[in-house]
Amino acid sequence: MDIFKKQESNVQSYANNFPVIFSSAKGCWLHTNNGKRYLDFLAGAGSLNYGHNNDVLKQALLDYIDCDGITHGLDMHSQAKAEFLTALRNHIFSPRNLDYKVQFTGPTGTNAVEAAMKLARKVTGRINIVTFTNGFHGCTIGALSATGNQHHRGGAGMPLIGTSRLPYEGYAGVDGLALFETMLNDNSSGLDKPAAVLLETVQGEGGLNVASTEWLKRLSSICKQHKILLIVDDIQAGCGRTGTFFSFEPSGIKPDIVTLSKSISGYGLPMALVLLKPELDIWQPGEHNGTFRGNNHAFVTATKAITTYWANGEFEQHIDQRANQVNTAIQRTLRRYPSLFIRGKGRGLMQGIECKSGSISSAIARTCFDKGMIIETAGPDDEIVKFFCPLTISESELEQGLHIFEQAADIVATKLIKKAS
Ligand SMILES: *Cc1c(COP(=O)(O)O)cnc(C)c1O
């Protein structure tokens with residue numbers, strides 16, 4: 001452990017909650033260097049939707065490496081990229097009636113968000129981008145200006161400009177969209193006409209807030225009416241996390257721009273995309289650049305993930321069943337421990353439980369860790385325990401994790417009662 005204390009910057013954060021050294025991982029399980037194993041209910045913050053070292057994806061990658069397939073390709077054509085684009089078109093876009101061109105950005109989510117914001121400004125000639133309370137979009141300056149969290153914003157060290165904030169659905173009981181419309185139609189509202197609206201349809205870091213279909217449809221129609229571009233940041237909620245490949249599918253809206261990263265490679269390899277309606281593709285060659293836009297290993301595993309899990313509806317059914325299992329446990333826990341919890345939140349395998357305080361959720365997460373499970377919190381005060389297992393998790397592994405959580409809730413509830421008496 002000493003080497004980390006001595007050598008690694010204080011900026012590390014997850015490691016503080018899970019102070020062990022991991023050495024290998026398979027499926028839903030993480031193994032430490034001294035033989036302990038942990039059930040992974042964090043899954044790389046949603047980057048490991050298909051689990052650690054997924055056998056099918058791993059074999060495809062091993063075969064590719066064995067043939068000396070291209071590893072780094074800038075943005076040059078490669079066979080691996082052609083196969084990825086074909087799989088994306090045939091199994092994701094076409095069945096959903098979506099028509100997008102694909103921009104490969106630098107391999108982090110925040111880089112895709114930067115590119116999406118740039119493009120929206122370039123296309124419309126406007127600067128302002130409307131974002132929402134509790135939104136999280138990344139930590140580089142442009143994406144950070146769209147992010148709500150003060151802890152992250154505080155790290156900028158410079159003014160965060162070019163965005164305006166509106167209340168997300170349900171925020172402070174305000175009808176944010178009514179406000180938006182009023183402000184757009186009022187010459188004196190002080191809201192500069194935006195280039196775009198940028199949002200997560202289920203807010204990941206901000207606390208698993210879900211935008212309803214009705215709300216999304218209203219937002220989409222306001223955008224259309226005022227010629228404002230609609231950008232959905234599906235970096236966390238996409239790739240099946242909410243039950244469908246894209247989080248916005250159940251709402252029927254068709255965003256102008258979509259960002260994807262986290263689980264798009266399927267294997268935890270860095271990769272990020274901007275999907276843009278063809279008529280928006282006014283980029284000049286190289287205008288948004290990046291050395292690592294051609295991670296061909298990521299293309300290989302991304303292709304395999306799509307063809308294995310998204311060629312038919314079976315995987316969606318599996319996610320739905322596991323999501324019901326999580327929901328049943330949440331409802332049971334809410335009834336059993338009214339002193340700890342307020343409500344269940346989220347959708348699909350992007351669900352969590354809101355605790356009465358951040359100290360309760362932290363105590364539960366800590367207790368889960370003691371009992372062999374990695375789980376994280378989210379929300380403005382970290383008051384939400386977030387169940388983020390790989391989507392490929394089996395019924396019995398999920399039951400095991402939910403059982404650990406319920407045991408932890410029991411321990412924390414008992415401690416609270418002792419303290420009170
Ligand atoms: C994680 C995340 C990002 C940022 O991705 P990085 O790879 O960490 O830069 C952006 N938007 C959302 C919704 C995210 O969950």
# chains A, B, ... in the order shown; residues from 1 in each chain; ligands from 1

call {"tool": "residues_near_ligand", "arguments": {"ligand": "ligand 1", "cutoff": "9 Å", "atoms": "only C-alpha atoms and all ligand atoms", "output": "number ranges by chain"}}
result
A: 45-47, 107-113, 135-140, 143, 147, 199-200, 202-205, 232-238, 259-262, 270-272

call {"tool": "write_last_selection", "arguments": {"atoms": "C-alpha atoms", "output": "PDB file, in the first residue's frame"}}
result
ATOM      1  CA  ALA A  45     -18.877   3.167 -13.005  1.00  0.00           C
ATOM      2  CA  GLY A  46     -20.738   1.556 -15.890  1.00  0.00           C
ATOM      3  CA  SER A  47     -17.753   0.742 -18.108  1.00  0.00           C
ATOM      4  CA  PRO A 107     -11.191   7.941 -25.830  1.00  0.00           C
ATOM      5  CA  THR A 108     -12.785   9.547 -22.749  1.00  0.00           C
ATOM      6  CA  GLY A 109     -16.400  10.446 -22.193  1.00  0.00           C
ATOM      7  CA  THR A 110     -15.562  14.044 -21.478  1.00  0.00           C
ATOM      8  CA  ASN A 111     -13.867  14.338 -24.870  1.00  0.00           C
ATOM      9  CA  ALA A 112     -17.027  13.179 -26.624  1.00  0.00           C
ATOM     10  CA  VAL A 113     -19.003  15.784 -24.662  1.00  0.00           C
ATOM     11  CA  GLY A 135     -26.109  16.762 -14.552  1.00  0.00           C
ATOM     12  CA  PHE A 136     -22.652  15.198 -14.840  1.00  0.00           C
ATOM     13  CA  HIS A 137     -20.811  15.421 -18.147  1.00  0.00           C
ATOM     14  CA  GLY A 138     -17.097  15.153 -17.374  1.00  0.00           C
ATOM     15  CA  CYS A 139     -14.172  17.103 -15.953  1.00  0.00           C
ATOM     16  CA  THR A 140     -12.520  18.967 -18.850  1.00  0.00           C
ATOM     17  CA  ALA A 143     -17.916  19.482 -20.085  1.00  0.00           C
ATOM     18  CA  THR A 147     -21.672  19.673 -14.864  1.00  0.00           C
ATOM     19  CA  LEU A 199     -28.842  16.144 -20.717  1.00  0.00           C
ATOM     20  CA  GLU A 200     -28.739  12.639 -19.326  1.00  0.00           C
ATOM     21  CA  VAL A 202     -31.230   9.102 -16.327  1.00  0.00           C
ATOM     22  CA  GLN A 203     -28.719  11.077 -14.279  1.00  0.00           C
ATOM     23  CA  GLY A 204     -25.859   8.821 -13.209  1.00  0.00           C
ATOM     24  CA  GLU A 205     -23.582  10.702 -10.828  1.00  0.00           C
ATOM     25  CA  VAL A 232     -28.290  13.211 -25.034  1.00  0.00           C
ATOM     26  CA  ASP A 233     -25.250  12.251 -23.006  1.00  0.00           C
ATOM     27  CA  ASP A 234     -25.676   8.470 -22.937  1.00  0.00           C
ATOM     28  CA  ILE A 235     -22.172   7.780 -21.678  1.00  0.00           C
ATOM     29  CA  GLN A 236     -23.407   6.120 -18.504  1.00  0.00           C
ATOM     30  CA  ALA A 237     -27.082   5.350 -19.186  1.00  0.00           C
ATOM     31  CA  GLY A 238     -26.431   3.952 -22.675  1.00  0.00           C
ATOM     32  CA  THR A 259     -22.464  10.812 -26.783  1.00  0.00           C
ATOM     33  CA  LEU A 260     -21.343   7.289 -25.884  1.00  0.00           C
ATOM     34  CA  SER A 261     -18.313   6.011 -24.014  1.00  0.00           C
ATOM     35  CA  LYS A 262     -17.980   3.908 -20.827  1.00  0.00           C
ATOM     36  CA  PRO A 270     -11.031   3.422 -23.671  1.00  0.00           C
ATOM     37  CA  MET A 271     -13.307   4.505 -26.504  1.00  0.00           C
ATOM     38  CA  ALA A 272     -15.761   7.357 -27.065  1.00  0.00           C
TER      39      ALA A 272
END

call {"tool": "residues_around", "arguments": {"residues": "region 53-69 of chain A", "least_positions_apart": "5", "cutoff": "6 Å", "atoms": "only C-alpha atoms", "output": "list in words"}}
result
Lys26, Thr301 and Lys304 of chain A

call {"tool": "write_last_selection", "arguments": {"atoms": "N, CA and C atoms", "output": "PDB file, in the first residue's frame"}}
result
ATOM      1  N   LYS A  26     -12.969 -11.479 -12.966  1.00  0.00           N
ATOM      2  CA  LYS A  26     -13.712 -12.280 -13.939  1.00  0.00           C
ATOM      3  C   LYS A  26     -15.201 -12.054 -13.711  1.00  0.00           C
ATOM      4  N   THR A 301     -13.524  -5.451 -29.557  1.00  0.00           N
ATOM      5  CA  THR A 301     -14.405  -5.918 -28.479  1.00  0.00           C
ATOM      6  C   THR A 301     -15.781  -5.249 -28.578  1.00  0.00           C
ATOM      7  N   LYS A 304     -17.755  -7.210 -31.107  1.00  0.00           N
ATOM      8  CA  LYS A 304     -18.166  -8.501 -30.555  1.00  0.00           C
ATOM      9  C   LYS A 304     -19.298  -8.316 -29.536  1.00  0.00           C
TER      10      LYS A 304
END

call {"tool": "atom_distance", "arguments": {"atom1": "CA of Glu395 (chain A)", "atom2": "CA of Lys345 (chain A)"}}
result
20.8 Å

call {"tool": "atom_distance", "arguments": {"atom1": "CA of Gln79 (chain A)", "atom2": "CA of Glu314 (chain A)"}}
result
28.1 Å

call {"tool": "residues_around", "arguments": {"residues": "region 322-336 of chain A", "least_positions_apart": "4", "cutoff": "6 Å", "atoms": "only C-alpha atoms", "output": "list in words"}}
result
Phe341, Gly348 and Leu349 of chain A
